[in-house]
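As provided, my_file_29.cif (mmCIF, C-alpha atoms and all ligand atoms) reads as follows.
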data_structure
#
loop_
_atom_site.label_atom_id
_atom_site.label_comp_id
_atom_site.auth_asym_id
_atom_site.auth_seq_id
_atom_site.Cartn_x
_atom_site.Cartn_y
_atom_site.Cartn_z
CA MET A 434 98.12 69.37 122.50
CA SER A 435 97.71 73.09 121.90
CA HIS A 436 95.14 74.82 124.06
CA TYR A 437 93.43 71.91 125.51
CA PHE A 438 93.04 68.91 127.51
CA LEU A 439 93.71 69.68 130.95
CA VAL A 440 92.38 66.95 133.05
CA LEU A 441 89.85 64.17 132.96
CA LEU A 442 87.29 63.61 135.61
CA ILE A 443 84.76 60.86 135.58
CA VAL A 444 81.43 61.99 136.87
CA SER A 445 79.02 59.28 135.98
CA ALA A 446 76.87 59.60 139.06
CA SER A 447 76.05 63.27 138.80
CA PHE A 448 74.26 63.04 135.48
CA GLY A 449 72.43 59.91 136.36
CA SER A 450 70.64 61.84 139.04
CA LEU A 451 69.48 64.53 136.63
CA GLY A 452 66.75 62.46 135.08
CA CYS A 453 64.26 60.71 137.24
CA TYR A 454 65.67 57.29 137.80
CA PHE A 455 63.19 54.48 138.00
CA GLN A 456 63.86 51.05 139.28
CA PRO A 457 62.64 48.19 137.14
CA LYS A 458 59.00 47.59 137.94
CA ILE A 459 58.49 43.97 137.10
CA THR A 460 61.84 42.30 136.73
CA GLU A 461 65.14 42.94 138.29
CA LEU A 462 68.44 41.96 136.82
CA ASP A 463 70.26 39.33 138.76
CA SER A 464 73.32 41.16 140.04
CA GLN A 465 75.36 37.97 140.04
CA GLU A 466 74.67 37.48 136.35
CA LEU A 467 75.47 41.09 135.54
CA ASN A 468 78.86 40.81 137.15
CA GLU A 469 79.75 37.82 135.05
CA ILE A 470 78.88 39.60 131.81
CA ASN A 471 80.80 42.60 132.95
CA GLU A 472 84.04 40.70 133.07
CA GLU A 473 83.86 39.54 129.48
CA PHE A 474 82.19 42.35 127.54
CA PRO A 475 82.50 46.06 127.95
CA ILE A 476 79.26 47.74 129.02
CA ASP A 477 78.07 50.53 126.74
CA GLY A 478 76.62 53.90 127.73
CA PHE A 479 73.13 52.37 127.94
CA GLY A 480 74.22 49.66 130.32
CA TYR A 481 74.35 46.76 127.85
CA SER A 482 77.25 44.56 126.81
CA SER A 483 78.15 44.03 123.16
CA ASP A 484 77.17 40.36 123.17
CA ILE A 485 73.50 41.44 122.94
CA GLY A 486 73.90 42.63 119.38
CA ILE A 487 75.17 45.44 117.21
CA LEU A 488 73.99 48.85 118.32
CA GLU A 489 72.06 50.53 115.50
CA ARG A 490 71.20 54.18 115.44
CA GLY A 491 67.90 55.30 113.93
CA GLN A 492 66.05 58.53 113.45
CA VAL A 493 62.27 58.68 113.78
CA GLN A 494 60.60 59.21 110.40
CA ALA A 495 57.31 61.02 109.85
CA ASN A 496 55.36 57.76 109.56
CA GLU A 497 57.02 56.05 112.51
CA SER A 498 55.57 55.74 115.97
CA LEU A 499 56.51 53.89 119.10
CA TYR A 500 54.08 51.19 117.95
CA VAL A 501 55.78 50.85 114.55
CA LEU A 502 59.27 50.53 116.05
CA LEU A 503 58.29 48.04 118.74
CA ASN A 504 56.16 46.06 116.30
CA GLU A 505 59.16 45.77 113.96
CA MET A 506 61.04 44.27 116.86
CA GLY A 507 58.47 41.47 117.10
CA ILE A 508 56.83 42.74 120.26
CA SER A 509 53.16 41.87 120.69
CA GLN A 510 50.39 44.44 120.62
CA GLN A 511 49.47 43.68 124.20
CA VAL A 512 53.01 44.28 125.43
CA ILE A 513 53.29 47.47 123.35
CA ARG A 514 50.16 48.78 125.06
CA GLN A 515 51.63 48.00 128.47
CA VAL A 516 54.90 49.67 127.48
CA SER A 517 53.03 52.81 126.34
CA ASN A 518 51.17 53.01 129.65
CA GLU A 519 54.30 52.42 131.64
CA LEU A 520 56.17 55.11 129.67
CA LYS A 521 53.40 57.60 130.32
CA GLN A 522 53.06 56.83 134.00
CA SER A 523 56.61 56.35 135.19
CA VAL A 524 58.68 58.63 132.97
CA GLY A 525 56.07 60.98 131.49
CA PHE A 526 56.94 59.93 127.96
CA ARG A 527 54.08 60.08 125.41
CA PHE A 528 55.13 60.27 121.78
CA LEU A 529 58.19 59.87 119.63
CA LYS A 530 59.00 63.09 117.85
CA GLU A 531 60.02 63.22 114.22
CA ASN A 532 63.83 63.12 113.88
CA GLN A 533 64.25 61.89 117.43
CA ILE A 534 67.25 59.57 117.73
CA TYR A 535 66.79 56.00 118.93
CA TYR A 536 68.95 52.90 119.23
CA ARG A 537 68.27 49.21 118.88
CA TYR A 538 70.50 46.16 119.10
CA ARG A 539 70.56 44.12 115.90
CA LEU A 540 71.02 40.48 116.86
CA HIS A 541 74.27 38.83 115.82
CA ASN A 542 72.24 35.87 114.55
CA SER A 543 69.14 37.59 113.34
CA THR A 544 66.36 35.38 112.01
CA PRO A 545 63.42 36.37 109.78
CA GLU A 546 61.30 36.47 112.95
CA ALA A 547 63.67 38.41 115.13
CA HIS A 548 66.14 41.02 113.97
CA TYR A 549 66.45 42.99 117.13
CA ALA A 550 66.89 42.40 120.81
CA PRO A 551 63.71 43.58 122.58
CA ILE A 552 65.40 46.77 123.72
CA LEU A 553 64.64 50.27 122.51
CA ILE A 554 66.64 53.30 123.60
CA ILE A 555 64.96 56.65 122.94
CA MET A 556 67.28 59.66 123.18
CA GLU A 557 65.82 62.74 124.88
CA SER A 558 69.04 64.76 124.57
CA ASN A 559 72.66 63.97 123.77
CA ILE A 560 72.97 62.46 127.19
CA ARG A 561 69.56 61.57 128.54
CA PHE A 562 67.54 58.65 127.31
CA VAL A 563 64.56 56.45 128.02
CA LYS A 564 65.16 52.73 127.96
CA VAL A 565 62.49 50.17 127.12
CA ASP A 566 63.53 46.59 127.74
CA VAL A 567 61.03 43.73 127.41
CA THR A 568 63.57 40.92 127.49
CA ASP A 569 62.03 39.58 130.67
CA GLY A 570 58.98 41.50 131.86
CA ILE A 571 58.63 45.19 131.13
CA LEU A 572 61.35 47.56 132.16
CA VAL A 573 60.97 51.28 131.49
CA GLN A 574 63.65 53.61 132.76
CA ALA A 575 64.79 57.21 132.37
CA SER A 576 68.55 57.42 132.58
CA ALA A 577 71.66 59.19 131.37
CA LYS A 578 74.95 58.17 129.84
CA PRO A 579 78.07 58.38 131.96
CA ILE A 580 79.78 61.68 131.36
CA GLU A 581 83.40 62.71 131.58
CA ILE A 582 84.30 66.31 132.12
CA ARG A 583 87.47 67.69 130.65
CA PHE A 584 88.75 71.19 130.98
CA ARG A 585 89.60 73.09 127.84
CA GLN A 586 91.19 76.38 127.19
CA VAL A 587 90.42 78.64 124.27
CA GLU A 588 91.55 82.03 123.12
CA GLY A 589 90.75 83.99 120.03
CA LEU A 590 90.40 87.21 118.17
CA ILE A 591 87.04 88.28 116.76
CA GLU A 592 87.37 88.74 113.02
CA SER A 593 83.87 88.03 111.78
CA SER A 594 82.06 86.59 114.79
CA LEU A 595 82.64 84.87 118.10
CA TYR A 596 80.91 81.81 116.68
CA GLU A 597 83.32 81.63 113.71
CA SER A 598 86.28 82.13 115.96
CA LEU A 599 85.26 79.24 118.23
CA ILE A 600 84.24 76.83 115.49
CA SER A 601 87.37 77.44 113.41
CA GLN A 602 89.44 76.37 116.40
CA GLY A 603 87.45 73.22 117.06
CA HIS A 604 85.47 74.51 120.01
CA SER A 605 81.74 74.25 120.48
CA ALA A 606 79.39 77.16 119.77
CA GLY A 607 78.02 76.45 123.25
CA VAL A 608 81.09 78.15 124.69
CA GLY A 609 79.96 81.36 122.99
CA MET A 610 76.53 81.01 124.57
CA GLU A 611 78.10 80.61 127.99
CA LEU A 612 80.38 83.60 127.49
CA SER A 613 77.59 85.83 126.24
CA GLU A 614 75.48 84.94 129.26
CA LEU A 615 78.39 85.48 131.59
CA PHE A 616 79.28 88.95 130.29
CA ALA A 617 75.72 89.97 129.37
CA TRP A 618 75.78 92.87 131.85
CA GLN A 619 79.09 94.29 130.55
CA ILE A 620 79.10 93.55 126.83
CA ASP A 621 76.43 93.58 124.15
CA PHE A 622 77.24 90.43 122.21
CA PHE A 623 75.22 91.63 119.25
CA ARG A 624 77.73 94.45 118.85
CA LEU A 625 81.13 92.86 119.14
CA TYR A 626 83.98 94.63 117.38
CA ARG A 627 86.59 93.29 115.05
CA GLY A 628 89.69 93.03 117.19
CA ASP A 629 87.82 92.10 120.38
CA LYS A 630 89.68 89.29 122.12
CA TYR A 631 88.73 86.57 124.51
CA ARG A 632 90.17 83.68 126.43
CA ALA A 633 88.48 81.17 128.65
CA ILE A 634 88.80 77.96 130.56
CA TYR A 635 85.67 75.86 130.46
CA GLU A 636 84.27 72.40 131.09
CA GLU A 637 83.42 70.14 128.20
CA PHE A 638 81.21 67.08 128.57
CA ILE A 639 82.30 63.91 126.82
CA SER A 640 80.34 60.74 126.44
CA GLU A 641 81.84 57.70 124.72
CA GLY A 642 84.54 59.82 123.15
CA GLU A 643 82.15 62.40 121.73
CA VAL A 644 81.61 65.95 122.86
CA VAL A 645 78.03 66.15 124.07
CA GLY A 646 77.92 69.54 125.74
CA VAL A 647 79.58 72.49 127.33
CA GLY A 648 79.57 72.92 131.07
CA ARG A 649 80.59 75.86 133.11
CA VAL A 650 83.06 78.54 132.13
CA LEU A 651 85.50 78.63 135.04
CA ALA A 652 87.44 81.73 134.13
CA ALA A 653 87.28 84.11 131.23
CA GLU A 654 88.56 87.39 129.96
CA PHE A 655 86.92 89.41 127.22
CA VAL A 656 88.58 92.48 125.75
CA HIS A 657 85.83 94.58 124.18
CA GLN A 658 86.80 97.87 122.52
CA ASN A 659 90.14 97.65 124.32
CA ARG A 660 88.50 97.32 127.72
CA PRO A 661 89.20 94.06 129.55
CA TYR A 662 86.40 92.33 131.46
CA GLN A 663 87.14 89.35 133.64
CA ALA A 664 85.01 86.69 135.24
CA PHE A 665 86.03 84.01 137.69
CA TYR A 666 83.74 81.28 138.88
CA TYR A 667 83.79 80.59 142.58
CA GLU A 668 81.78 78.31 144.79
CA ASP A 669 81.94 77.06 148.31
CA GLY A 670 79.21 75.79 150.63
CA GLN A 671 77.77 79.30 151.10
CA GLN A 672 77.88 80.94 147.70
CA GLN A 673 78.47 80.47 144.04
CA GLY A 674 78.73 82.81 141.14
CA TYR A 675 80.94 84.87 138.87
CA TYR A 676 83.10 87.65 140.20
CA ASP A 677 85.64 90.08 138.84
CA ALA A 678 89.25 89.90 140.04
CA GLU A 679 88.33 92.02 143.08
CA GLY A 680 85.48 89.73 144.14
CA ASN A 681 82.60 91.92 142.98
CA GLY A 682 79.64 90.06 141.55
CA ILE A 683 79.52 90.73 137.81
CA GLN A 684 75.98 89.61 137.13
CA LYS A 685 73.33 92.07 138.17
CA ALA A 686 70.09 90.87 139.62
CA LEU A 687 66.68 90.80 138.05
CA LEU A 688 63.81 90.70 140.54
CA LYS A 689 61.58 87.65 140.33
CA ALA A 690 58.42 89.78 140.05
CA PRO A 691 57.75 93.46 139.24
CA PHE A 692 56.18 94.31 142.61
CA LYS A 693 57.40 95.57 145.92
CA TYR A 694 55.04 93.20 147.75
CA ASN A 695 54.04 89.70 146.85
CA GLN A 696 51.05 89.48 144.46
CA ARG A 697 48.90 86.50 143.54
CA ILE A 698 49.53 84.84 140.18
CA SER A 699 46.22 84.43 138.35
CA SER A 700 47.59 82.81 135.18
CA SER A 701 50.98 81.19 134.71
CA PHE A 702 53.29 80.98 131.75
CA ASN A 703 51.79 78.23 129.60
CA TYR A 704 52.23 77.33 125.94
CA ASN A 705 48.85 75.55 125.84
CA ARG A 706 46.48 77.91 127.58
CA PHE A 707 42.85 78.10 126.56
CA HIS A 708 42.24 81.82 126.13
CA PRO A 709 39.19 82.93 128.18
CA VAL A 710 38.25 85.78 125.84
CA LEU A 711 39.09 84.32 122.42
CA LYS A 712 37.86 80.83 123.36
CA GLN A 713 40.77 79.11 121.67
CA ARG A 714 44.15 77.69 122.51
CA ILE A 715 46.65 80.55 122.57
CA PRO A 716 50.03 80.30 124.28
CA HIS A 717 50.27 82.50 127.36
CA THR A 718 53.86 83.66 127.23
CA GLY A 719 53.92 85.59 130.45
CA THR A 720 52.70 85.65 134.02
CA ASP A 721 49.48 87.40 135.08
CA TYR A 722 49.36 88.99 138.51
CA ALA A 723 45.95 89.72 140.04
CA ALA A 724 47.03 92.90 141.79
CA PRO A 725 44.54 95.64 142.76
CA LEU A 726 43.93 98.52 140.36
CA GLY A 727 46.62 101.18 140.74
CA THR A 728 49.25 98.95 142.42
CA PRO A 729 52.70 100.34 141.52
CA VAL A 730 54.62 98.17 139.01
CA ILE A 731 58.41 98.35 139.38
CA ALA A 732 61.32 97.72 137.00
CA VAL A 733 62.81 94.27 137.75
CA GLY A 734 66.27 95.57 136.85
CA ASP A 735 68.24 98.55 135.59
CA GLY A 736 67.77 99.30 131.93
CA GLU A 737 66.45 101.51 129.19
CA ILE A 738 62.76 102.07 128.42
CA ILE A 739 62.36 100.95 124.82
CA GLU A 740 58.59 101.27 124.65
CA SER A 741 56.04 103.23 126.65
CA ARG A 742 52.70 103.80 124.93
CA TYR A 743 49.19 102.48 124.28
CA ARG A 744 49.39 99.51 121.94
CA GLY A 745 46.06 97.82 120.94
CA VAL A 746 45.27 94.55 122.72
CA ASN A 747 48.25 95.06 125.06
CA GLY A 748 46.82 98.31 126.38
CA ASN A 749 49.37 100.57 128.01
CA ILE A 750 52.68 98.80 127.70
CA VAL A 751 56.19 99.42 129.00
CA GLN A 752 59.21 97.49 127.78
CA ILE A 753 62.67 97.66 129.34
CA GLN A 754 65.90 96.48 127.72
CA HIS A 755 68.16 95.39 130.58
CA ASN A 756 71.15 94.30 128.53
CA GLY A 757 71.94 92.44 125.32
CA MET A 758 70.18 89.37 126.69
CA TYR A 759 67.28 90.32 128.94
CA LYS A 760 64.20 92.40 128.19
CA THR A 761 60.94 92.75 130.14
CA ALA A 762 57.40 93.80 129.18
CA TYR A 763 54.57 95.07 131.40
CA LEU A 764 51.05 95.12 129.91
CA HIS A 765 47.53 96.48 130.53
CA LEU A 766 48.84 99.30 132.73
CA ASN A 767 46.45 101.90 134.07
CA GLY A 768 49.10 104.57 133.54
CA PHE A 769 52.85 105.21 133.46
CA GLY A 770 55.21 106.08 136.29
CA PRO A 771 56.69 109.58 136.66
CA GLY A 772 59.08 110.40 133.79
CA ILE A 773 58.63 107.02 132.09
CA LYS A 774 59.02 107.38 128.35
CA LYS A 775 60.99 105.82 125.52
CA GLY A 776 64.77 106.33 125.84
CA VAL A 777 64.81 106.94 129.60
CA GLN A 778 67.17 104.96 131.86
CA VAL A 779 65.51 103.33 134.86
CA LYS A 780 66.84 101.76 138.03
CA GLN A 781 65.76 98.48 139.56
CA GLY A 782 62.73 99.07 141.80
CA GLN A 783 61.71 102.30 140.08
CA VAL A 784 57.94 102.66 139.51
CA ILE A 785 57.28 102.36 135.77
CA GLY A 786 53.48 102.15 135.83
CA TYR A 787 50.35 101.04 137.67
CA VAL A 788 48.24 97.92 137.40
CA GLY A 789 45.21 98.44 135.16
CA ARG A 790 42.82 96.86 132.69
CA THR A 791 43.68 98.52 129.39
CA GLY A 792 43.68 96.53 126.12
CA ARG A 793 42.03 93.14 125.66
CA VAL A 794 41.46 91.87 129.21
CA THR A 795 38.73 90.28 131.32
CA GLY A 796 39.73 92.13 134.46
CA VAL A 797 42.36 94.13 136.29
CA HIS A 798 45.77 92.43 136.18
CA LEU A 799 49.39 92.87 135.15
CA HIS A 800 50.72 90.70 132.37
CA TYR A 801 54.49 90.46 132.80
CA THR A 802 56.91 88.83 130.35
CA LEU A 803 60.63 88.23 130.66
CA TYR A 804 62.49 87.78 127.38
CA LYS A 805 65.82 86.05 127.12
CA ASN A 806 67.46 86.58 123.72
CA ASN A 807 64.05 87.80 122.51
CA ASP A 808 62.26 84.60 123.45
CA PRO A 809 59.69 84.73 126.22
CA VAL A 810 60.75 82.59 129.19
CA ASN A 811 58.92 81.67 132.35
CA SER A 812 60.07 84.33 134.80
CA VAL A 813 58.88 82.29 137.76
CA THR A 814 60.93 79.20 137.02
CA VAL A 815 63.92 80.55 135.07
CA GLU A 816 67.22 80.82 136.88
CA LEU A 817 68.17 84.47 137.10
CA PRO A 818 71.61 85.94 137.72
CA SER A 819 72.13 87.25 141.24
CA GLN A 820 74.07 90.26 142.33
CA GLU A 821 75.54 89.20 145.64
CA SER A 822 79.18 90.10 146.23
CA LEU A 823 81.60 87.63 147.67
CA ALA A 824 81.51 87.22 151.46
CA VAL A 825 84.62 88.59 153.19
CA SER A 826 85.34 85.16 154.70
CA ALA A 827 85.63 83.67 151.19
CA ARG A 828 88.07 86.25 149.88
CA ASP A 829 91.33 84.43 150.62
CA ALA A 830 90.17 81.26 148.93
CA PHE A 831 88.76 83.27 146.03
CA PHE A 832 91.97 85.26 145.42
CA LEU A 833 93.92 82.04 145.29
CA GLU A 834 91.57 80.83 142.54
CA VAL A 835 91.94 84.13 140.69
CA GLN A 836 95.71 83.84 140.87
CA LYS A 837 95.60 80.31 139.53
CA TYR A 838 93.23 81.06 136.67
CA SER A 839 94.89 84.33 135.72
CA TYR A 840 98.12 82.46 135.40
CA LEU A 841 96.51 79.74 133.29
CA LEU A 842 94.66 82.18 131.06
CA GLY A 843 97.98 83.80 130.32
CA GLN A 844 99.50 80.48 129.32
CA GLY A 845 97.57 79.21 126.32
CA GLY A 846 98.17 75.52 125.95
CA LEU A 847 99.25 74.89 129.47
CA VAL A 848 98.56 71.51 130.97
CA LEU A 849 96.55 71.87 134.12
CA ALA A 850 96.12 69.43 136.93
CA THR A 851 93.17 69.38 139.30
CA ASN A 852 95.02 70.21 142.47
CA ILE A 853 97.33 72.66 140.93
CA ASP A 854 100.51 73.75 142.63
CA LEU A 855 101.42 77.17 141.33
CA ASN A 856 105.15 76.68 141.83
CA ASP A 857 105.06 73.43 139.99
CA VAL A 858 103.17 74.82 137.04
CA GLY A 859 105.71 77.57 136.61
CA LYS A 860 108.39 75.05 135.83
CA ASN A 861 106.33 73.44 133.07
CA SER A 862 105.97 76.52 130.95
ZN ZN B 901 48.62 87.52 130.54
#
What does the file become when written as structure tokens?
Amino acid sequence: MSHYFLVLLIVSASFGSLGCYFQPKITELDSQELNEINEEFPIDGFGYSSDIGILERGQVQANESLYVLLNEMGISQQVIRQVSNELKQSVGFRFLKENQIYYRYRLHNSTPEAHYAPILIIMESNIRFVKVDVTDGILVQASAKPIEIRFRQVEGLIESSLYESLISQGHSAGVGMELSELFAWQIDFFRLYRGDKYRAIYEEFISEGEVVGVGRVLAAEFVHQNRPYQAFYYEDGQQQGYYDAEGNGIQKALLKAPFKYNQRISSSFNYNRFHPVLKQRIPHTGTDYAAPLGTPVIAVGDGEIIESRYRGVNGNIVQIQHNGMYKTAYLHLNGFGPGIKKGVQVKQGQVIGYVGRTGRVTGVHLHYTLYKNNDPVNSVTVELPSQESLAVSARDAFFLEVQKYSYLLGQGGLVLATNIDLNDVGKNS
């Protein structure tokens, strides 16, 4: 029972609501009948009892399609066609992908004609799945397995990497991702030092006894080059976010768009865009703003100018590195803002250039790209960190949380209860 296992919470409802949940279209299960089964057989994560058959896991091969799998299960062509349509219309599912995981129930008394129950479960993630059930009519449903959340505590010393340190202790690499996002504004996770230390309390998602994901980090401390950085998660009805022990927001803001005033989007982030100039399908990994020629373009956040020059099809380009995680690029500029050149530090809102039509373009616009870990992401839809500090009215409640978590972080391996009583905990240690 060393650093872990604090408390178990069952949260089956919350994940169910993540995916779109569709009621059966043609048949409905008789609730009376379901209750009877329930008493005798345990219900699995897909909502079936073990008397149906033995659950078999499969992985989609290159030559396998939805048709192949359903056909193997003895389902008629006509029904397969209906299932395909239903999948497309009600859950937006089109094709099986190679290596995608699926489950079927092998019948206890399989015959040469029927090996499987007419149920196919297609996994979309570790937790979310699409269910096809043609036992009685056609049922197509997007759903999710029930999830338990347990709280875990980890602490470690960086010897080779954060990843190694976590894995060697039986923690998920996902914790490292969460930590690097959390401290992205304080620490460059590409340049950790040997001897850096960390400790954290985080949520782990469990489904049917298996770890299926990492949730939120609730409290963490990272000592980087002998400087401690702390982060405490806090939420109430009004606010949520990560704060230092004094209640200052630790995640700086990035503006949603690089303009002082709202500008019209002329082309959105789209991996399948048909390029108007090249007349072929080329991913558009940024957002185009149809702003008038000469409109000032501003830095979406503090950072360092890492590029400011004319670069071929991009025209005049400026790139800003905001921290170890976020970078932004501004293309086709008419010209650069005052003092903007490589190596210069800029502040959020500072003018870095002007909208233009340089490079390969059909007209005046700004092409703006936000990169997260060097991958372009849709700046319009991505969730960005916010800078707000904690409201004064929330401070008392927040400091109580800080006190609780600071205590726990200092007690590796402590057993934590949900409604923790600080006096009580002291006696356990
Ligand atoms: Zn563009």
Contact table chain A vs ligand ZN 901 (chain B), cut-off 10 Å, shortest pair per residue, only C-alpha atoms and all ligand atoms, as JSON lines:
{"residue": "A:Ser699", "atom": "CA", "partner": "B:ZN901", "partner_atom": "ZN", "distance": 8.7}
{"residue": "A:Ser700", "atom": "CA", "partner": "B:ZN901", "partner_atom": "ZN", "distance": 6.7}
{"residue": "A:Ser701", "atom": "CA", "partner": "B:ZN901", "partner_atom": "ZN", "distance": 7.9}
{"residue": "A:Phe702", "atom": "CA", "partner": "B:ZN901", "partner_atom": "ZN", "distance": 8.1}
{"residue": "A:Asn703", "atom": "CA", "partner": "B:ZN901", "partner_atom": "ZN", "distance": 9.9}
{"residue": "A:His708", "atom": "CA", "partner": "B:ZN901", "partner_atom": "ZN", "distance": 9.6}
{"residue": "A:Pro716", "atom": "CA", "partner": "B:ZN901", "partner_atom": "ZN", "distance": 9.7}
{"residue": "A:His717", "atom": "CA", "partner": "B:ZN901", "partner_atom": "ZN", "distance": 6.2}
{"residue": "A:Thr718", "atom": "CA", "partner": "B:ZN901", "partner_atom": "ZN", "distance": 7.3}
{"residue": "A:Gly719", "atom": "CA", "partner": "B:ZN901", "partner_atom": "ZN", "distance": 5.6}
{"residue": "A:Thr720", "atom": "CA", "partner": "B:ZN901", "partner_atom": "ZN", "distance": 5.7}
{"residue": "A:Asp721", "atom": "CA", "partner": "B:ZN901", "partner_atom": "ZN", "distance": 4.6}
{"residue": "A:Tyr722", "atom": "CA", "partner": "B:ZN901", "partner_atom": "ZN", "distance": 8.1}
{"residue": "A:Asn747", "atom": "CA", "partner": "B:ZN901", "partner_atom": "ZN", "distance": 9.3}
{"residue": "A:Tyr763", "atom": "CA", "partner": "B:ZN901", "partner_atom": "ZN", "distance": 9.7}
{"residue": "A:Leu764", "atom": "CA", "partner": "B:ZN901", "partner_atom": "ZN", "distance": 8.0}
{"residue": "A:His765", "atom": "CA", "partner": "B:ZN901", "partner_atom": "ZN", "distance": 9.0}
{"residue": "A:Arg793", "atom": "CA", "partner": "B:ZN901", "partner_atom": "ZN", "distance": 9.9}
{"residue": "A:Val794", "atom": "CA", "partner": "B:ZN901", "partner_atom": "ZN", "distance": 8.5}
{"residue": "A:His798", "atom": "CA", "partner": "B:ZN901", "partner_atom": "ZN", "distance": 8.0}
{"residue": "A:Leu799", "atom": "CA", "partner": "B:ZN901", "partner_atom": "ZN", "distance": 7.1}
{"residue": "A:His800", "atom": "CA", "partner": "B:ZN901", "partner_atom": "ZN", "distance": 4.2}
{"residue": "A:Tyr801", "atom": "CA", "partner": "B:ZN901", "partner_atom": "ZN", "distance": 6.9}
{"residue": "A:Thr802", "atom": "CA", "partner": "B:ZN901", "partner_atom": "ZN", "distance": 8.4}
Selection export as a short mmCIF file (atom, residue, chain, number, x, y, z; two decimals), in the frame of the given file, atoms kept: C-alpha atoms:
data_model
loop_
_atom_site.label_atom_id
_atom_site.label_comp_id
_atom_site.auth_asym_id
_atom_site.auth_seq_id
_atom_site.Cartn_x
_atom_site.Cartn_y
_atom_site.Cartn_z
CA SER A 699 46.22 84.43 138.35
CA SER A 700 47.59 82.81 135.18
CA SER A 701 50.98 81.19 134.71
CA PHE A 702 53.29 80.98 131.75
CA ASN A 703 51.79 78.23 129.60
CA HIS A 708 42.24 81.82 126.13
CA PRO A 716 50.03 80.30 124.28
CA HIS A 717 50.27 82.50 127.36
CA THR A 718 53.86 83.66 127.23
CA GLY A 719 53.92 85.59 130.45
CA THR A 720 52.70 85.65 134.02
CA ASP A 721 49.48 87.40 135.08
CA TYR A 722 49.36 88.99 138.51
CA ASN A 747 48.25 95.06 125.06
CA TYR A 763 54.57 95.07 131.40
CA LEU A 764 51.05 95.12 129.91
CA HIS A 765 47.53 96.48 130.53
CA ARG A 793 42.03 93.14 125.66
CA VAL A 794 41.46 91.87 129.21
CA HIS A 798 45.77 92.43 136.18
CA LEU A 799 49.39 92.87 135.15
CA HIS A 800 50.72 90.70 132.37
CA TYR A 801 54.49 90.46 132.80
CA THR A 802 56.91 88.83 130.35
#
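If you look at CA of Ile785 in chain A and CA of Leu817 in chain A, they are 21.0 Å away from each other.
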Measuring atom to atom with only C-alpha atoms, identify which of A:Leu841, A:Ala827, A:Leu766, A:Val656 is nearest to Val730 in chain A.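 The shortest atom-to-atom distance to Val730 in chain A comes from A:Leu766.
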Padding of 3 Å on every side, edges along x, y and z, all listed atoms of range 492-495 of chain A included: what centre and edge lengths in Å, to one decimal, does that box have, as AutoDock Vina command-line options?
--center_x 61.7 --center_y 59.8 --center_z 111.8 --size_x 14.7 --size_y 8.5 --size_z 9.9
Which residues come within 7 Å of range 627-641 of chain A, counting all atoms listed in the file, excluding same-chain residues fewer than 5 positions away, as JSON, numbers by chain? {"A": [578, 579, 580, 581, 582, 583, 584, 585, 586, 587, 588, 589, 590, 591, 592, 593, 646, 647, 648, 649, 650, 651, 652, 653, 654, 655, 656, 657, 658, 842]}
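CA of Gly570 in chain A is found 19.5 Å from CA of Gly486 in chain A.
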Closest to Asn532 in chain A among A:Ser605, A:Gln494, A:Asn705, A:Gln511, using only C-alpha atoms? A:Gln494
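With CA of Val779 in chain A on one side and CA of Glu737 in chain A on the other, the separation reads 6.0 Å.
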Pick from A:Gly782, A:Gly772, A:Val733, A:Leu572: nearest to Ser517 in chain A, with all atoms listed in the file counted?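 The closest residue to Ser517 in chain A is A:Leu572.
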Which is closer to Ala723 in chain A than all the others in A:Asn518, A:Thr814, A:Thr795, A:Asn749, using only C-alpha atoms?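 Nearest candidate to Ala723 in chain A out of A:Asn518, A:Thr814, A:Thr795, A:Asn749: A:Thr795.
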Using only C-alpha atoms, which protein or nucleic acid residues come within 9 Å of range 561-568 of chain A? Drop anything in the same chain fewer than 2 positions from it, and give the result as a VMD selection string. chain A and resid 448 to 449 451 to 452 479 508 512 516 520 524 526 535 550 to 559 570 to 578
From A:Glu519, A:Asp484, A:Asp829, A:Glu531, residue lying nearest Glu497 in chain A [only C-alpha atoms]: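 The shortest atom-to-atom distance to Glu497 in chain A comes from A:Glu531.
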Choose the residue, out of A:Leu499, A:Leu823, A:Leu726, A:Ile750, that has the smallest atom-to-atom separation from Gly682 in chain A; count all atoms listed in the file.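 Going through A:Leu499, A:Leu823, A:Leu726, A:Ile750 one by one, the smallest distance to Gly682 in chain A is for A:Leu823.
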